>>> print(open('coords_34.cif').read())   # mmCIF, C-alpha atoms
data_protein
loop_
_atom_site.label_atom_id
_atom_site.label_comp_id
_atom_site.auth_asym_id
_atom_site.auth_seq_id
_atom_site.Cartn_x
_atom_site.Cartn_y
_atom_site.Cartn_z
CA GLN A 1 -2.00 -42.55 13.45
CA LYS A 2 -3.72 -39.83 11.45
CA GLU A 3 -7.28 -38.98 12.43
CA VAL A 4 -8.41 -39.38 8.81
CA GLU A 5 -6.87 -41.83 6.33
CA GLN A 6 -7.42 -41.67 2.60
CA ASP A 7 -5.76 -43.70 -0.13
CA PRO A 8 -3.83 -41.21 -2.29
CA GLY A 9 -4.24 -43.21 -5.50
CA PRO A 10 -3.92 -42.50 -8.33
CA LEU A 11 -7.05 -44.35 -9.31
CA SER A 12 -7.57 -44.85 -13.06
CA VAL A 13 -10.93 -46.02 -14.41
CA PRO A 14 -12.54 -46.16 -17.85
CA GLU A 15 -15.29 -43.72 -18.75
CA GLY A 16 -18.68 -44.93 -17.56
CA ALA A 17 -17.30 -46.92 -14.62
CA ILE A 18 -18.60 -46.67 -11.07
CA VAL A 19 -15.96 -45.13 -8.84
CA SER A 20 -15.69 -45.77 -5.12
CA LEU A 21 -13.62 -43.39 -2.99
CA ASN A 22 -13.15 -44.04 0.71
CA CYS A 23 -11.91 -42.58 3.96
CA THR A 24 -11.48 -44.13 7.37
CA TYR A 25 -11.27 -42.22 10.61
CA SER A 26 -10.40 -42.85 14.22
CA ASN A 27 -12.42 -40.23 16.14
CA SER A 28 -15.87 -41.63 16.91
CA ALA A 29 -17.09 -38.12 17.76
CA PHE A 30 -17.10 -37.01 14.12
CA GLN A 31 -20.65 -36.18 13.05
CA TYR A 32 -20.33 -34.00 9.95
CA PHE A 33 -18.84 -35.42 6.78
CA MET A 34 -18.01 -33.73 3.50
CA TRP A 35 -16.54 -34.59 0.14
CA TYR A 36 -14.72 -32.05 -2.00
CA ARG A 37 -13.48 -32.18 -5.57
CA GLN A 38 -10.34 -30.26 -6.42
CA TYR A 39 -9.10 -29.67 -9.93
CA SER A 40 -5.44 -28.94 -10.45
CA ARG A 41 -4.45 -25.47 -9.19
CA LYS A 42 -8.02 -24.66 -8.08
CA GLY A 43 -9.75 -24.44 -4.71
CA PRO A 44 -11.74 -27.44 -3.40
CA GLU A 45 -15.39 -27.54 -4.47
CA LEU A 46 -17.94 -28.94 -2.01
CA LEU A 47 -19.72 -31.97 -3.50
CA MET A 48 -21.55 -33.59 -0.62
CA TYR A 49 -22.35 -32.74 3.00
CA THR A 50 -23.86 -35.28 5.35
CA TYR A 51 -24.68 -35.45 9.02
CA SER A 52 -24.34 -38.66 11.01
CA SER A 53 -24.85 -42.05 9.33
CA GLY A 54 -26.68 -43.03 6.18
CA ASN A 55 -26.68 -42.30 2.46
CA LYS A 56 -27.17 -39.11 0.50
CA GLU A 57 -27.58 -38.92 -3.25
CA ASP A 58 -27.08 -35.97 -5.58
CA GLY A 59 -27.15 -36.71 -9.28
CA ARG A 60 -24.34 -39.12 -10.11
CA PHE A 61 -22.85 -38.81 -6.62
CA THR A 62 -23.76 -40.84 -3.53
CA ALA A 63 -22.18 -40.29 -0.14
CA GLN A 64 -22.32 -43.06 2.42
CA VAL A 65 -21.42 -42.86 6.11
CA ASP A 66 -20.95 -45.92 8.32
CA LYS A 67 -20.20 -44.61 11.79
CA SER A 68 -20.02 -48.08 13.32
CA SER A 69 -17.08 -48.89 11.04
CA LYS A 70 -15.73 -45.31 11.00
CA TYR A 71 -15.80 -45.42 7.22
CA ILE A 72 -17.17 -43.02 4.62
CA SER A 73 -17.49 -43.45 0.88
CA LEU A 74 -18.24 -41.41 -2.21
CA PHE A 75 -19.62 -43.25 -5.23
CA ILE A 76 -19.56 -41.71 -8.68
CA ARG A 77 -21.82 -43.36 -11.26
CA ASP A 78 -21.26 -43.12 -15.01
CA SER A 79 -17.88 -41.47 -14.47
CA GLN A 80 -16.77 -38.90 -17.02
CA PRO A 81 -13.33 -37.58 -18.00
CA SER A 82 -14.41 -34.28 -16.41
CA ASP A 83 -14.54 -36.11 -13.06
CA SER A 84 -10.75 -36.44 -13.19
CA ALA A 85 -9.60 -34.54 -10.12
CA THR A 86 -8.46 -35.03 -6.55
CA TYR A 87 -11.22 -35.93 -4.11
CA LEU A 88 -10.87 -34.88 -0.49
CA CYS A 89 -12.90 -36.11 2.43
CA ALA A 90 -13.40 -33.88 5.46
CA MET A 91 -15.08 -34.37 8.80
CA SER A 92 -15.80 -32.56 12.01
CA VAL A 93 -17.12 -33.01 15.51
CA GLY A 94 -19.05 -29.77 15.17
CA SER A 95 -18.93 -28.87 18.83
CA GLY A 96 -18.19 -25.20 18.36
CA THR A 97 -14.50 -25.20 19.11
CA TYR A 98 -13.60 -28.00 16.78
CA LYS A 99 -12.37 -27.75 13.21
CA TYR A 100 -12.65 -29.71 10.01
CA ILE A 101 -10.11 -32.50 9.50
CA PHE A 102 -9.21 -33.34 5.91
CA GLY A 103 -7.94 -36.48 4.26
CA THR A 104 -4.92 -36.16 2.02
CA GLY A 105 -7.01 -36.68 -1.12
CA THR A 106 -7.37 -39.39 -3.77
CA ARG A 107 -6.35 -38.59 -7.33
CA LEU A 108 -8.86 -39.93 -9.84
CA LYS A 109 -8.32 -40.22 -13.57
CA VAL A 110 -11.22 -41.19 -15.82
CA LEU A 111 -10.00 -42.40 -19.18
CA ALA A 112 -12.01 -41.59 -22.31
CA LYS B 1 -24.68 -15.47 -5.05
CA ALA B 2 -20.97 -14.68 -5.28
CA GLY B 3 -18.58 -17.25 -3.95
CA VAL B 4 -15.54 -16.84 -1.75
CA THR B 5 -13.01 -14.49 -3.29
CA GLN B 6 -9.31 -14.29 -2.55
CA THR B 7 -6.73 -11.73 -3.56
CA PRO B 8 -4.17 -11.76 -4.90
CA ARG B 9 -4.28 -15.03 -6.82
CA TYR B 10 -0.51 -15.27 -7.21
CA LEU B 11 2.39 -13.86 -5.23
CA ILE B 12 6.12 -14.15 -5.49
CA LYS B 13 8.18 -13.04 -2.50
CA THR B 14 11.70 -13.52 -1.24
CA ARG B 15 12.83 -15.00 2.06
CA GLY B 16 12.48 -12.64 4.99
CA GLN B 17 9.70 -10.58 3.48
CA GLN B 18 6.17 -10.51 4.78
CA VAL B 19 2.91 -11.01 2.93
CA THR B 20 -0.78 -10.25 3.46
CA LEU B 21 -3.53 -12.25 1.82
CA SER B 22 -7.16 -11.23 1.68
CA CYS B 23 -10.41 -13.19 1.71
CA SER B 24 -14.03 -12.12 1.24
CA PRO B 25 -16.53 -14.75 2.39
CA ILE B 26 -19.87 -15.59 0.84
CA SER B 27 -22.44 -12.94 1.73
CA GLY B 28 -24.01 -13.81 5.08
CA HIS B 29 -21.22 -16.14 6.14
CA ARG B 30 -19.55 -15.03 9.32
CA SER B 31 -16.89 -17.70 9.75
CA VAL B 32 -13.65 -17.63 7.79
CA SER B 33 -11.03 -20.37 7.97
CA TRP B 34 -7.56 -20.40 6.47
CA TYR B 35 -5.67 -23.44 5.24
CA GLN B 36 -2.24 -24.13 3.80
CA GLN B 37 -2.07 -26.75 1.07
CA THR B 38 1.18 -28.35 -0.07
CA PRO B 39 1.79 -31.54 -2.08
CA GLY B 40 3.53 -33.21 0.84
CA GLN B 41 1.28 -32.20 3.74
CA GLY B 42 -2.11 -31.77 2.11
CA LEU B 43 -4.60 -29.33 3.60
CA GLN B 44 -3.51 -28.02 6.97
CA PHE B 45 -5.71 -25.82 9.12
CA LEU B 46 -4.25 -22.46 10.11
CA PHE B 47 -7.03 -20.67 12.00
CA GLU B 48 -10.70 -19.80 12.03
CA TYR B 49 -12.32 -16.44 12.72
CA PHE B 50 -15.88 -15.65 13.66
CA SER B 51 -17.24 -12.24 14.67
CA GLU B 52 -13.75 -10.76 14.50
CA THR B 53 -12.41 -13.27 17.05
CA GLN B 54 -10.08 -16.19 16.48
CA ARG B 55 -12.04 -19.29 17.51
CA ASN B 56 -9.72 -22.12 16.48
CA LYS B 57 -6.01 -22.34 15.75
CA GLY B 58 -3.86 -24.97 14.06
CA ASN B 59 -0.24 -25.89 14.76
CA PHE B 60 1.58 -23.15 12.91
CA PRO B 61 4.27 -20.80 14.24
CA GLY B 62 3.43 -17.28 15.36
CA ARG B 63 4.70 -15.91 12.04
CA PHE B 64 1.26 -16.80 10.73
CA SER B 65 -1.44 -14.46 11.95
CA GLY B 66 -4.84 -13.31 10.86
CA ARG B 67 -7.68 -11.00 11.57
CA GLN B 68 -11.29 -10.51 10.64
CA PHE B 69 -13.11 -7.28 10.07
CA SER B 70 -16.65 -6.29 11.01
CA ASN B 71 -17.86 -7.09 7.47
CA SER B 72 -16.48 -10.66 7.90
CA ARG B 73 -13.66 -10.10 5.42
CA SER B 74 -10.43 -11.62 6.64
CA GLU B 75 -6.73 -11.14 6.12
CA MET B 76 -3.87 -13.50 6.78
CA ASN B 77 -0.32 -12.32 7.34
CA VAL B 78 2.91 -14.28 7.17
CA SER B 79 6.01 -12.53 8.45
CA THR B 80 9.66 -13.42 7.86
CA LEU B 81 8.87 -15.71 4.96
CA GLU B 82 10.71 -19.01 4.62
CA LEU B 83 11.13 -21.21 1.55
CA GLY B 84 8.83 -23.77 3.15
CA ASP B 85 5.97 -21.28 3.19
CA SER B 86 5.54 -21.74 -0.55
CA ALA B 87 2.04 -23.18 -0.85
CA LEU B 88 -1.52 -22.66 -1.94
CA TYR B 89 -3.31 -20.68 0.77
CA LEU B 90 -7.01 -21.33 0.85
CA CYS B 91 -9.75 -19.43 2.56
CA ALA B 92 -13.11 -21.04 3.34
CA SER B 93 -16.32 -19.57 4.67
CA SER B 94 -19.30 -20.99 6.54
CA LEU B 95 -22.31 -19.61 8.34
CA ARG B 96 -21.11 -20.47 11.84
CA PHE B 97 -17.84 -21.57 13.37
CA GLY B 98 -16.90 -24.94 14.75
CA GLY B 99 -17.41 -27.39 11.91
CA SER B 100 -21.15 -28.04 11.82
CA ASP B 101 -21.89 -26.17 8.59
CA GLU B 102 -20.99 -26.59 4.95
CA GLN B 103 -17.67 -24.94 4.23
CA PHE B 104 -17.01 -23.32 0.88
CA PHE B 105 -13.53 -22.60 -0.45
CA GLY B 106 -12.14 -19.78 -2.50
CA PRO B 107 -9.76 -20.27 -5.44
CA GLY B 108 -6.68 -19.78 -3.28
CA THR B 109 -3.58 -17.61 -3.36
CA ARG B 110 -0.50 -19.35 -4.67
CA LEU B 111 2.52 -18.05 -2.79
CA THR B 112 6.02 -18.71 -4.04
CA VAL B 113 8.94 -17.82 -1.77
CA LEU B 114 12.32 -17.51 -3.48
#
>>> encode(input="coords_34.cif", output="structure tokens")
Amino acid sequence: QKEVEQDPGPLSVPEGAIVSLNCTYSNSAFQYFMWYRQYSRKGPELLMYTYSSGNKEDGRFTAQVDKSSKYISLFIRDSQPSDSATYLCAMSVGSGTYKYIFGTGTRLKVLA
Amino acid sequence: KAGVTQTPRYLIKTRGQQVTLSCSPISGHRSVSWYQQTPGQGLQFLFEYFSETQRNKGNFPGRFSGRQFSNSRSEMNVSTLELGDSALYLCASSLRFGGSDEQFFGPGTRLTVL
């Protein structure tokens, strides 16, 4: 079993829709959670960074962490065609000798 | 503030050759991590350097090596290239090592091995 599971998609939604992207994980020690957006042939761009449980909002993006269920989500409101990309979740224990673990990414396509 | 920079952006090599990739982190960041990204395997962690010392290592053969200089710039070397080494190599920087800080990626070096 992989430490981090992410549905690869592709996920197609109409412009203006609310998008929900999710990752599940098995290591209860994870404390730091990130979401990245990666356009084709580019490096990943950090969208959201959260510590422990709870919600964090930044513009049209909301990150949600549920440590009891080992489940994290990224919500995109009023989705735009420019949001079409692959979204990667990443998480870490953050204990000094640990590293970030990435999901395999979900491909999102927002249709105009 | 300048982001993470990587050079070169594209490389074409043949099997058996070696290659060196370079990464300059965000100013003030002292940790540099390297990743290999392929369509089949996704993002795989290679190693992380902090203060010129390797702090974490992924499950890659010894052909993959790296180093970090006193100015935090890092290089990654792959010797005896194989076809399977064709990938996007990404460098990421953060303030500290160990996964408690935001990590920012560079644009990557796309390596093609023929």
>>> closest_residue(input="coords_34.cif", among="A:Arg37, A:Arg77, A:Lys67, A:Lys56", to="A:Leu108", atoms="all atoms listed in the file")
A:Arg37
>>> interface_residues(input="coords_34.cif", of="chain A", to="chain B", cutoff="9 Å", atoms="only C-alpha atoms", output="PyMOL selection string")
chain A and resi 31-32+34+41-46+48-49+51+91-105
>>> residues_around(input="coords_34.cif", residues="A:Asp78", least_positions_apart="2", cutoff="7 Å", atoms="all atoms listed in the file", output="MDAnalysis selection string")
chainID A and resid 16:18 76 80
>>> closest_residue(input="coords_34.cif", among="B:Asn59, B:Thr112, B:Thr5, B:Ser24", to="B:Leu81", atoms="all atoms listed in the file")
B:Thr112
>>> residues_near_point(input="coords_34.cif", point="(-10.8, -13.6, 9.4)", cutoff="6 Å", atoms="only C-alpha atoms", output="JSON, numbers by chain")
{"B": [32, 49, 67, 68, 74, 75]}
>>> closest_residue(input="coords_34.cif", among="A:Gly54, A:Ser68, A:Asp83, A:Arg107", to="A:Ser28", atoms="all atoms listed in the file")
A:Ser68
>>> atom_distance(input="coords_34.cif", atom1="atom CA of A:Pro14", atom2="atom CA of A:Phe75")
14.8 Å
>>> resolve_selection(input="coords_34.cif", expression="the PyMOL selection byres ((chain B and resi 82) around 9)", output="ChimeraX atom specification")
/B:14-17,79-81,83-86,113-114
>>> atom_distance(input="coords_34.cif", atom1="atom CA of B:Glu52", atom2="atom CA of B:His29")
12.4 Å
>>> atom_distance(input="coords_34.cif", atom1="atom CA of A:Leu21", atom2="atom CA of A:Arg60")
13.6 Å
>>> closest_residue(input="coords_34.cif", among="B:Ala87, B:Met76, B:Leu46, B:Ile26", to="B:Thr7", atoms="only C-alpha atoms")
B:Met76
>>> axis_aligned_box(input="coords_34.cif", around="stretch 40-54 of chain A", padding_each_side="3 Å", output="AutoDock Vina command-line options")
--center_x -15.6 --center_y -33.7 --center_z 0.3 --size_x 28.2 --size_y 24.6 --size_z 27.5
>>> closest_residue(input="coords_34.cif", among="A:Ser82, A:Gln6, A:Gln64, A:Ser26", to="A:Thr106", atoms="only C-alpha atoms")
A:Gln6
>>> resolve_selection(input="coords_34.cif", expression="the PyMOL selection byres ((chain B and resi 2) around 9)", output="list in words")
Lys1, Gly3, Val4, Thr5, Pro25, Ile26 and Ser27 of chain B
>>> closest_residue(input="coords_34.cif", among="A:Val19, A:Ala90, A:Val4, A:Ala85", to="A:Thr62", atoms="only C-alpha atoms")
A:Val19
>>> residues_near_point(input="coords_34.cif", point="(2.9, -13.3, -5.2)", cutoff="7 Å", atoms="all atoms listed in the file", output="NGL selection string")
:B and (10-13 or 110-112)
>>> residues_around(input="coords_34.cif", residues="A:Glu3", least_positions_apart="2", cutoff="7 Å", atoms="all atoms listed in the file", output="PDB file with C-alpha atoms, keeping the file's coordinate frame")
ATOM      1  CA  GLN A   1      -2.000 -42.550  13.450  1.00  0.00           C
ATOM      2  CA  GLU A   5      -6.870 -41.830   6.330  1.00  0.00           C
ATOM      3  CA  TYR A  25     -11.270 -42.220  10.610  1.00  0.00           C
ATOM      4  CA  SER A  26     -10.400 -42.850  14.220  1.00  0.00           C
ATOM      5  CA  ASN A  27     -12.420 -40.230  16.140  1.00  0.00           C
TER       6      ASN A  27
END
